[in-house]
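Peer 1: For reference, the file coords_20.tsv (TSV, C-alpha atoms) is included below:
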```tsv
chain	number	residue	atom	x	y	z
U	1	MET	CA	147.14	112.05	91.94
U	2	LEU	CA	144.21	110.52	93.83
U	3	ILE	CA	144.49	108.54	97.02
U	4	SER	CA	142.39	105.38	96.98
U	5	ASN	CA	140.72	104.48	100.27
U	6	SER	CA	141.55	100.83	99.63
U	7	SER	CA	145.24	101.38	98.93
U	8	THR	CA	147.74	99.81	101.31
U	9	VAL	CA	149.93	102.53	102.75
U	10	SER	CA	151.76	102.62	106.04
U	11	SER	CA	150.61	104.78	108.88
U	12	ASP	CA	152.06	108.26	109.38
U	13	GLU	CA	152.54	108.83	105.63
U	14	ALA	CA	152.49	112.46	104.51
U	15	ILE	CA	152.06	113.60	100.90
U	16	GLN	CA	152.82	117.20	99.90
U	17	ILE	CA	150.75	117.45	96.72
U	18	ASN	CA	151.41	121.16	96.14
U	19	PRO	CA	152.46	124.15	98.30
U	20	ARG	CA	148.87	124.62	99.51
U	21	LEU	CA	147.82	120.98	99.93
U	22	ARG	CA	149.26	118.40	102.26
U	23	ILE	CA	147.61	115.08	103.10
U	24	GLU	CA	148.53	112.76	105.93
U	25	ILE	CA	147.37	109.16	106.08
U	26	PHE	CA	147.05	107.10	109.25
U	27	ARG	CA	146.10	103.47	108.74
U	28	GLU	CA	145.97	100.43	110.94
U	29	GLN	CA	148.72	98.20	109.60
U	30	CYS	CA	147.21	94.81	110.46
U	31	PRO	CA	143.90	93.92	108.78
U	32	ILE	CA	143.11	91.37	111.51
U	33	ALA	CA	143.45	94.04	114.19
U	34	ALA	CA	141.39	96.38	112.01
U	35	GLY	CA	138.61	93.76	111.87
U	36	GLU	CA	138.34	92.93	115.54
U	37	ASP	CA	135.23	95.08	115.81
U	38	VAL	CA	133.69	93.11	112.92
U	39	ILE	CA	134.42	89.79	114.65
U	40	ASN	CA	132.99	91.05	117.93
U	41	GLY	CA	129.90	92.49	116.28
U	42	LEU	CA	129.00	89.49	114.13
U	43	THR	CA	129.54	86.91	116.89
U	44	GLN	CA	127.24	88.56	119.43
U	45	THR	CA	123.46	88.46	119.70
U	46	PRO	CA	121.95	90.55	118.20
U	47	LYS	CA	124.59	91.06	115.51
U	48	THR	CA	126.02	94.55	114.96
U	49	LEU	CA	128.53	96.35	112.74
U	50	PRO	CA	130.22	99.72	113.36
U	51	PRO	CA	128.99	102.60	111.15
U	52	LYS	CA	132.56	103.43	110.11
U	53	TYR	CA	132.31	100.56	107.57
U	54	PHE	CA	129.74	102.57	105.59
U	55	TYR	CA	132.47	104.87	104.37
U	56	ASP	CA	134.58	103.49	101.61
U	57	ASP	CA	134.75	105.80	98.59
U	58	HIS	CA	131.51	104.42	97.13
U	59	GLY	CA	129.73	104.69	100.47
U	60	SER	CA	130.84	108.31	100.80
U	61	LEU	CA	129.42	109.10	97.36
U	62	LEU	CA	126.13	107.38	98.25
U	63	PHE	CA	125.93	109.48	101.40
U	64	GLU	CA	126.39	112.61	99.31
U	65	LYS	CA	123.38	111.47	97.26
U	66	ILE	CA	121.37	110.86	100.44
U	67	CYS	CA	122.03	114.46	101.44
U	68	GLU	CA	120.28	115.63	98.24
U	69	LEU	CA	117.13	113.51	98.70
U	70	PRO	CA	113.81	115.32	99.24
U	71	GLU	CA	113.05	113.18	102.31
U	72	TYR	CA	116.42	113.87	103.94
U	73	TYR	CA	115.80	117.19	105.69
U	74	VAL	CA	119.11	117.28	107.60
U	75	THR	CA	121.45	118.70	104.96
U	76	ARG	CA	119.21	121.39	103.50
U	77	THR	CA	118.08	122.47	106.97
U	78	GLU	CA	121.60	122.75	108.36
U	79	THR	CA	122.75	124.45	105.16
U	80	GLN	CA	120.07	127.10	105.61
U	81	ILE	CA	121.17	127.67	109.22
U	82	LEU	CA	124.78	128.09	108.10
U	83	GLN	CA	123.77	130.49	105.33
U	84	ASN	CA	121.89	132.58	107.86
U	85	TYR	CA	124.50	132.58	110.62
U	86	ALA	CA	127.99	131.79	109.22
U	87	SER	CA	128.91	135.47	109.32
U	88	GLU	CA	127.96	135.62	112.99
U	89	ILE	CA	130.04	132.50	113.69
U	90	ALA	CA	133.06	134.05	111.95
U	91	HIS	CA	132.66	137.28	113.95
U	92	LEU	CA	132.44	135.35	117.23
U	93	THR	CA	135.56	133.22	116.63
U	94	GLY	CA	137.77	135.63	114.72
U	95	PRO	CA	140.63	134.14	112.64
U	96	CYS	CA	140.83	130.41	113.26
U	97	GLU	CA	141.86	127.15	111.66
U	98	LEU	CA	138.80	125.17	110.54
U	99	VAL	CA	139.02	121.47	111.38
U	100	GLU	CA	136.15	119.36	110.03
U	101	LEU	CA	135.43	115.82	111.18
U	102	GLY	CA	133.85	113.74	108.42
U	103	SER	CA	134.48	116.38	105.77
U	104	GLY	CA	133.15	114.44	102.75
U	105	SER	CA	132.74	116.84	99.83
U	106	SER	CA	133.10	119.89	102.15
U	107	THR	CA	129.95	121.41	100.64
U	108	LYS	CA	128.71	123.15	103.79
U	109	THR	CA	132.25	124.12	104.75
U	110	ARG	CA	132.29	126.51	101.78
U	111	ILE	CA	129.66	128.62	103.56
U	112	LEU	CA	132.00	129.05	106.53
U	113	LEU	CA	135.02	129.70	104.31
U	114	ASP	CA	133.06	132.40	102.49
U	115	ALA	CA	132.23	134.06	105.80
U	116	TYR	CA	135.85	134.09	107.00
U	117	GLN	CA	137.04	135.26	103.59
U	118	GLU	CA	134.52	138.13	103.65
U	119	LEU	CA	136.10	139.33	106.89
U	120	GLY	CA	139.57	139.15	105.37
U	121	HIS	CA	140.72	136.32	107.64
U	122	PRO	CA	143.40	133.84	106.47
U	123	LEU	CA	141.93	130.51	105.35
U	124	HIS	CA	143.36	127.32	106.83
U	125	TYR	CA	141.26	124.16	106.52
U	126	LEU	CA	141.97	120.74	107.98
U	127	PRO	CA	139.48	118.16	106.64
U	128	ILE	CA	139.39	114.72	108.27
U	129	ASP	CA	137.74	111.79	106.52
U	130	ILE	CA	138.17	108.03	106.36
U	131	SER	CA	137.71	108.16	102.56
U	132	GLY	CA	140.93	109.38	100.98
U	133	GLY	CA	139.48	109.63	97.48
U	134	ILE	CA	136.65	112.02	98.30
U	135	LEU	CA	138.88	114.05	100.64
U	136	GLU	CA	141.42	114.73	97.93
U	137	GLN	CA	138.84	115.41	95.22
U	138	SER	CA	137.12	117.99	97.40
U	139	ALA	CA	140.48	119.52	98.41
U	140	HIS	CA	141.44	120.14	94.78
U	141	SER	CA	138.05	121.74	94.11
U	142	LEU	CA	138.42	124.02	97.14
U	143	LEU	CA	141.90	125.16	96.10
U	144	LYS	CA	140.49	126.32	92.75
U	145	GLU	CA	137.68	128.23	94.46
U	146	TYR	CA	139.78	129.86	97.20
U	147	PRO	CA	143.18	131.10	95.91
U	148	THR	CA	144.52	131.86	99.42
U	149	LEU	CA	143.31	128.65	101.07
U	150	HIS	CA	145.77	126.20	102.65
U	151	ILE	CA	144.59	122.64	103.27
U	152	HIS	CA	146.11	119.96	105.49
U	153	GLY	CA	143.94	116.86	105.09
U	154	ILE	CA	144.03	113.76	107.27
U	155	VAL	CA	142.78	110.38	106.04
U	156	SER	CA	141.88	108.59	109.25
U	157	THR	CA	139.28	107.87	111.87
U	158	TYR	CA	138.27	110.82	114.08
U	159	GLU	CA	139.97	109.50	117.20
U	160	THR	CA	143.32	108.90	115.51
U	161	ALA	CA	143.26	112.20	113.62
U	162	LEU	CA	142.44	114.24	116.72
U	163	LYS	CA	145.46	112.75	118.46
U	164	HIS	CA	147.76	113.83	115.60
U	165	LEU	CA	146.72	117.46	115.12
U	166	ASN	CA	149.62	119.89	114.97
U	167	PRO	CA	149.37	123.29	116.70
U	168	SER	CA	147.11	125.66	114.82
U	169	PRO	CA	148.88	128.14	112.51
U	170	LEU	CA	146.22	130.73	113.42
U	171	PRO	CA	145.34	132.32	116.79
U	172	ASN	CA	142.53	129.83	117.40
U	173	ARG	CA	141.12	126.55	116.14
U	174	MET	CA	137.52	125.54	115.56
U	175	ILE	CA	136.69	121.85	115.31
U	176	GLY	CA	133.49	121.37	113.35
U	177	PHE	CA	131.33	118.28	113.67
U	178	ILE	CA	128.35	119.31	111.59
U	179	GLY	CA	125.68	117.13	110.06
U	180	SER	CA	123.90	114.57	112.24
U	181	THR	CA	126.80	112.15	112.78
U	182	LEU	CA	126.82	112.73	116.54
U	183	GLY	CA	123.59	110.74	116.64
U	184	ASN	CA	125.45	107.62	115.47
U	185	LEU	CA	127.24	107.41	118.81
U	186	LYS	CA	125.88	105.63	121.86
U	187	PRO	CA	125.78	107.82	125.01
U	188	GLU	CA	129.01	106.38	126.42
U	189	ASP	CA	130.78	106.71	123.05
U	190	CYS	CA	129.45	110.24	122.69
U	191	HIS	CA	131.09	111.29	125.98
U	192	ALA	CA	134.40	109.67	124.96
U	193	PHE	CA	134.25	111.47	121.61
U	194	PHE	CA	133.71	114.83	123.30
U	195	ALA	CA	136.71	114.10	125.53
U	196	HIS	CA	138.89	113.52	122.44
U	197	VAL	CA	137.70	116.83	120.98
U	198	VAL	CA	138.60	118.66	124.19
U	199	GLU	CA	142.09	117.11	124.16
U	200	ALA	CA	142.64	118.54	120.66
U	201	LEU	CA	141.66	122.08	121.72
U	202	GLN	CA	143.44	124.80	123.67
U	203	PRO	CA	141.58	127.10	126.08
U	204	GLY	CA	139.78	129.69	123.98
U	205	ASP	CA	139.38	127.34	120.98
U	206	TYR	CA	135.96	126.52	119.57
U	207	PHE	CA	133.75	123.52	118.83
U	208	LEU	CA	130.93	123.84	116.27
U	209	LEU	CA	128.46	120.99	116.66
U	210	GLY	CA	125.44	119.99	114.60
U	211	VAL	CA	122.59	118.24	116.44
U	212	ASP	CA	119.45	116.67	115.01
U	213	LEU	CA	116.56	117.65	117.28
U	214	HIS	CA	113.50	115.71	118.43
U	215	LYS	CA	110.69	115.55	115.88
U	216	SER	CA	107.84	113.32	114.75
U	217	LYS	CA	108.16	109.77	113.43
U	218	SER	CA	106.37	110.80	110.22
U	219	ILE	CA	109.30	113.09	109.35
U	220	LEU	CA	112.09	110.86	110.60
U	221	GLU	CA	111.37	107.46	109.07
U	222	PRO	CA	111.16	108.56	105.39
U	223	ALA	CA	114.49	110.37	105.84
U	224	TYR	CA	116.15	107.01	106.51
U	225	ASP	CA	114.11	104.86	104.10
U	226	ASP	CA	113.75	107.01	101.00
U	227	SER	CA	111.55	106.22	98.01
U	228	GLN	CA	114.53	106.02	95.60
U	229	GLY	CA	116.33	103.37	97.65
U	230	VAL	CA	119.54	105.36	98.03
U	231	THR	CA	119.70	104.82	101.80
U	232	ALA	CA	119.11	101.11	101.25
U	233	ALA	CA	122.04	101.01	98.81
U	234	PHE	CA	124.18	102.91	101.34
U	235	ASN	CA	123.34	100.41	104.08
U	236	LEU	CA	123.95	97.37	101.84
U	237	ASN	CA	127.24	98.82	100.62
U	238	MET	CA	128.65	98.12	104.07
U	239	LEU	CA	128.57	94.41	103.19
U	240	ARG	CA	130.33	95.06	99.88
U	241	HIS	CA	132.99	97.03	101.76
U	242	LEU	CA	133.51	94.15	104.20
U	243	ASN	CA	133.77	91.70	101.30
U	244	ARG	CA	136.60	93.74	99.83
U	245	LEU	CA	138.41	94.41	103.11
U	246	PHE	CA	138.24	90.90	104.52
U	247	SER	CA	137.77	88.57	101.49
U	248	GLY	CA	134.10	88.03	102.32
U	249	ASN	CA	131.23	86.48	100.41
U	250	PHE	CA	128.18	88.46	101.59
U	251	ASP	CA	125.50	88.18	98.89
U	252	LEU	CA	123.90	91.62	98.94
U	253	SER	CA	120.80	90.33	97.16
U	254	GLN	CA	120.05	88.14	100.19
U	255	PHE	CA	119.86	91.06	102.64
U	256	GLU	CA	117.46	93.99	102.79
U	257	HIS	CA	117.50	97.44	104.36
U	258	LEU	CA	115.32	98.03	107.43
U	259	ALA	CA	114.91	101.40	109.19
U	260	PHE	CA	112.49	102.52	111.92
U	261	TYR	CA	112.18	105.08	114.71
U	262	ASN	CA	112.55	103.79	118.28
U	263	GLU	CA	110.36	106.30	120.10
U	264	LYS	CA	111.42	105.18	123.58
U	265	GLU	CA	115.13	105.77	122.87
U	266	HIS	CA	114.56	108.78	120.56
U	267	GLN	CA	116.62	107.18	117.82
U	268	ILE	CA	116.38	105.88	114.28
U	269	GLU	CA	117.69	102.31	113.96
U	270	MET	CA	119.04	100.87	110.71
U	271	HIS	CA	119.43	97.13	110.18
U	272	LEU	CA	120.28	94.66	107.42
U	273	LYS	CA	117.85	91.73	107.45
U	274	SER	CA	118.81	88.29	106.19
U	275	LEU	CA	116.25	87.02	103.66
U	276	LYS	CA	117.12	83.35	104.20
U	277	ASN	CA	119.17	80.94	106.30
U	278	GLN	CA	122.72	81.46	105.08
U	279	THR	CA	126.41	81.17	105.92
U	280	VAL	CA	128.89	83.99	105.31
U	281	GLU	CA	132.69	83.77	105.42
U	282	LEU	CA	135.22	86.54	105.96
U	283	LYS	CA	138.40	84.66	105.10
U	284	THR	CA	140.94	87.28	106.20
U	285	LEU	CA	139.35	87.27	109.65
U	286	ASN	CA	138.99	83.46	109.72
U	287	LEU	CA	135.34	84.08	110.53
U	288	THR	CA	132.24	82.07	109.58
U	289	VAL	CA	128.86	83.56	110.46
U	290	GLU	CA	125.49	81.79	110.40
U	291	PHE	CA	122.34	83.81	109.70
U	292	GLN	CA	118.76	82.73	110.24
U	293	GLU	CA	116.01	83.98	107.96
U	294	GLY	CA	114.77	87.29	109.36
U	295	GLU	CA	117.83	87.83	111.56
U	296	THR	CA	119.27	91.33	111.41
U	297	ILE	CA	122.60	93.12	111.68
U	298	HIS	CA	122.21	96.41	113.53
U	299	THR	CA	124.31	98.87	111.48
U	300	GLU	CA	123.44	102.32	112.78
U	301	ILE	CA	121.58	104.41	115.29
U	302	SER	CA	120.76	108.07	114.75
U	303	ARG	CA	119.87	109.64	118.06
U	304	LYS	CA	117.82	112.83	118.31
U	305	PHE	CA	118.67	115.45	120.93
U	306	GLN	CA	117.62	118.51	122.87
U	307	PHE	CA	119.95	121.48	123.20
U	308	GLU	CA	119.83	121.39	127.00
U	309	GLN	CA	120.89	117.74	127.08
U	310	ILE	CA	124.05	118.35	125.01
U	311	GLN	CA	124.92	121.64	126.71
U	312	ALA	CA	124.92	120.00	130.12
U	313	GLU	CA	127.24	117.19	128.98
U	314	LEU	CA	129.67	119.52	127.21
U	315	LYS	CA	129.85	121.80	130.23
U	316	THR	CA	131.21	118.94	132.36
U	317	LEU	CA	134.21	118.84	129.98
U	318	GLY	CA	134.81	122.58	130.01
U	319	LEU	CA	133.01	123.36	126.73
U	320	VAL	CA	130.61	126.23	127.32
U	321	SER	CA	127.90	127.02	124.79
U	322	LEU	CA	128.27	130.55	123.40
U	323	LYS	CA	125.26	130.48	121.11
U	324	ASN	CA	122.75	128.09	119.52
U	325	TRP	CA	121.00	128.48	116.18
U	326	THR	CA	118.09	126.57	114.70
U	327	ASP	CA	115.68	126.67	111.76
U	328	GLN	CA	112.10	127.93	111.85
U	329	ASN	CA	110.75	124.39	112.37
U	330	GLN	CA	113.32	123.66	115.10
U	331	TRP	CA	114.27	120.44	113.33
U	332	PHE	CA	118.03	120.92	113.51
U	333	GLY	CA	120.47	122.93	115.57
U	334	LEU	CA	124.01	124.31	115.52
U	335	MET	CA	125.94	124.95	118.72
U	336	LEU	CA	129.08	127.05	119.04
U	337	CYS	CA	131.03	126.19	122.17
U	338	GLN	CA	134.31	127.47	123.58
U	339	LEU	CA	136.80	125.61	125.74
U	340	GLN	CA	137.28	127.36	129.05
U	341	ASP	CA	140.57	127.66	130.91
U	342	VAL	CA	139.97	125.64	134.07
U	343	ASN	CA	142.99	127.32	135.71
U	344	ALA	CA	141.80	130.86	135.03
```
The structure in this file should be written as structure tokens.

Peer 2:
Amino acid sequence: MLISNSSTVSSDEAIQINPRLRIEIFREQCPIAAGEDVINGLTQTPKTLPPKYFYDDHGSLLFEKICELPEYYVTRTETQILQNYASEIAHLTGPCELVELGSGSSTKTRILLDAYQELGHPLHYLPIDISGGILEQSAHSLLKEYPTLHIHGIVSTYETALKHLNPSPLPNRMIGFIGSTLGNLKPEDCHAFFAHVVEALQPGDYFLLGVDLHKSKSILEPAYDDSQGVTAAFNLNMLRHLNRLFSGNFDLSQFEHLAFYNEKEHQIEMHLKSLKNQTVELKTLNLTVEFQEGETIHTEISRKFQFEQIQAELKTLGLVSLKNWTDQNQWFGLMLCQLQDVNA
């Protein structure tokens, strides 16, 4: 059985696929309510769309391809850091449930599972992803690779999933937010996200965070505008996703991918540029949008950070950094934090 991301299922549905795999699905029941952010984004100036609409099943697969591109340093760099230090992470946390936000194919998670398995710890994994198809495919692969692994997957947005976490079956929990997805959040959204993470943790629990560090424009821009056009296809797929969700008529051939580094804000910006004057309808949302030639939809930011900046913000919420790791070029970093007991 595979769960399609586009299937219409009620919220709070749980599927026990086998004794070691359970998947819960939380969906917004009303498509109009689900599209309010689309209406707001496409009726403002400049136009914007939330990055969550990248991730239907096809978008998730395209992102997996992006991660393998020679220009995209993030995945291979973070993978190398995990390979070097996963054992140290497992020693620091001891037995714990692994919760992963934006799990995708769970490729890097295997490095952590190997480290906990090497220490003889029980393996409990809770992947969270908005794409039900890729979540279940990866879950079945993991069960074959790890005979003692138990998986409880949640198909949902991060915020909703974090609110519905059950108590950990192990002494501690570690929420992992690896990759560079933190950079997609504006500063105010970033703080709200951290607050949701803290609410899902108990004192003594852990937060493993991946952060893309400051580096030169010559490295950054090719990573988001690759020579094979995979990132362009990923960006344009957002319009295809909206067409399917909201009965739209975006013509993908009349938009093009645009990515550049905003040096003042320390962030990559991705846009979709209209190639002509055109009108687009999203019938389910009762929305008609006019585009001028050259007008853009801002689809994503990818902010770049310094360790000290993130550490200071997390500390205000009770998350204290235990240790940071980086690569030899200092392009990417991993932070292991622990939630402190404010009453202690």

Peer 1: Report the distance between CA of Met238 in chain U and CA of Leu135 in chain U in Å, rounded to one decimal place.

Peer 2: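 We find that CA of Met238 in chain U and CA of Leu135 in chain U lie 19.2 Å from each other.
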
Peer 1: Go through U:Pro95, U:Gly120, U:Gly153, U:Gly210 one by one, measure the shortest atom-to-atom distance of each to Leu182 in chain U using all atoms listed in the file, and give the residue with the smallest value.

Peer 2: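 When distances to Leu182 in chain U are compared using all atoms listed in the file, the smallest one comes from U:Gly210.
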
Peer 1: Quick one: everything within 7 Å of Gly183 in chain U, counting only C-alpha atoms, minus sequence neighbours fewer than 5 positions away in the same chain. Send it as number ranges by chain.

Peer 2: U: 301-304

Peer 1: For Glu97 in chain U, which residue among U:His271, U:Arg20, U:His121, U:Lys215 is the nearest when counting all atoms listed in the file?

Peer 2: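 Among the listed residues, the smallest separation from Glu97 in chain U belongs to U:His121.
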
Peer 1: May I ask which of the residues U:Asp205, U:Asp129, U:Glu71, U:Asp251 is the closest one to Leu101 in chain U, counting all atoms listed in the file?

Peer 2: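 Closest to Leu101 in chain U, using all atoms listed in the file: U:Asp129.
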
Peer 1: So that I can see what lies close to Ile17 in chain U, please list as a PyMOL selection string the residues with an atom at most 12 Å from it, counting all atoms listed in the file and leaving out residues fewer than 3 positions away in the same chain.

Peer 2: chain U and resi 1-3+14+20-24+136+139-140+143+150-153

Peer 1: Can you measure CA of Leu272 in chain U to CA of His191 in chain U for me? One decimal in Å is fine.

Peer 2: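 Separating CA of Leu272 in chain U from CA of His191 in chain U is a distance of 27.2 Å.
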
Peer 1: Need to verify the contact set: Asn324 in chain U, 8 Å, all atoms listed in the file, exclusion of same-chain residues closer than 4 positions in sequence. Can you return it as a VMD selection string?

Peer 2: chain U and resid 333 to 336

Peer 1: CA of Pro127 in chain U and CA of Lys315 in chain U are how many Å apart?

Peer 2: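 Between these atoms lies a distance of 25.7 Å.
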
Peer 1: Measuring atom to atom with only C-alpha atoms, identify which of U:Asn329, U:Ile134, U:Thr299, U:Tyr53 is nearest to Arg240 in chain U.

Peer 2: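 Using only C-alpha atoms, Arg240 in chain U sits closest to U:Tyr53.
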
Peer 1: What's around Gln278 in chain U at 10 Å? Count only C-alpha atoms, leave out sequence neighbours fewer than 5 positions away in its own chain, and write the answer as a PyMOL selection string.

Peer 2: chain U and resi 250-251+254+289-293

Peer 1: Rank nothing, just name the residue among U:Asp327, U:Glu199, U:Glu300, U:Glu308 nearest to Lys47 in chain U, using all atoms listed in the file.

Peer 2: U:Glu300

Peer 1: Out of U:Lys283, U:His298, U:Lys323, U:Lys108, which residue has the shortest atom-to-atom distance to Gly176 in chain U when counting all atoms listed in the file?

Peer 2: U:Lys108

Peer 1: Can you find the residues with an atom no farther than 10 Å from (126.9, 107.3, 96.2), counting only C-alpha atoms, and report them as a VMD selection string?

Peer 2: chain U and resid 57 to 66 230 to 231 233 to 234 237
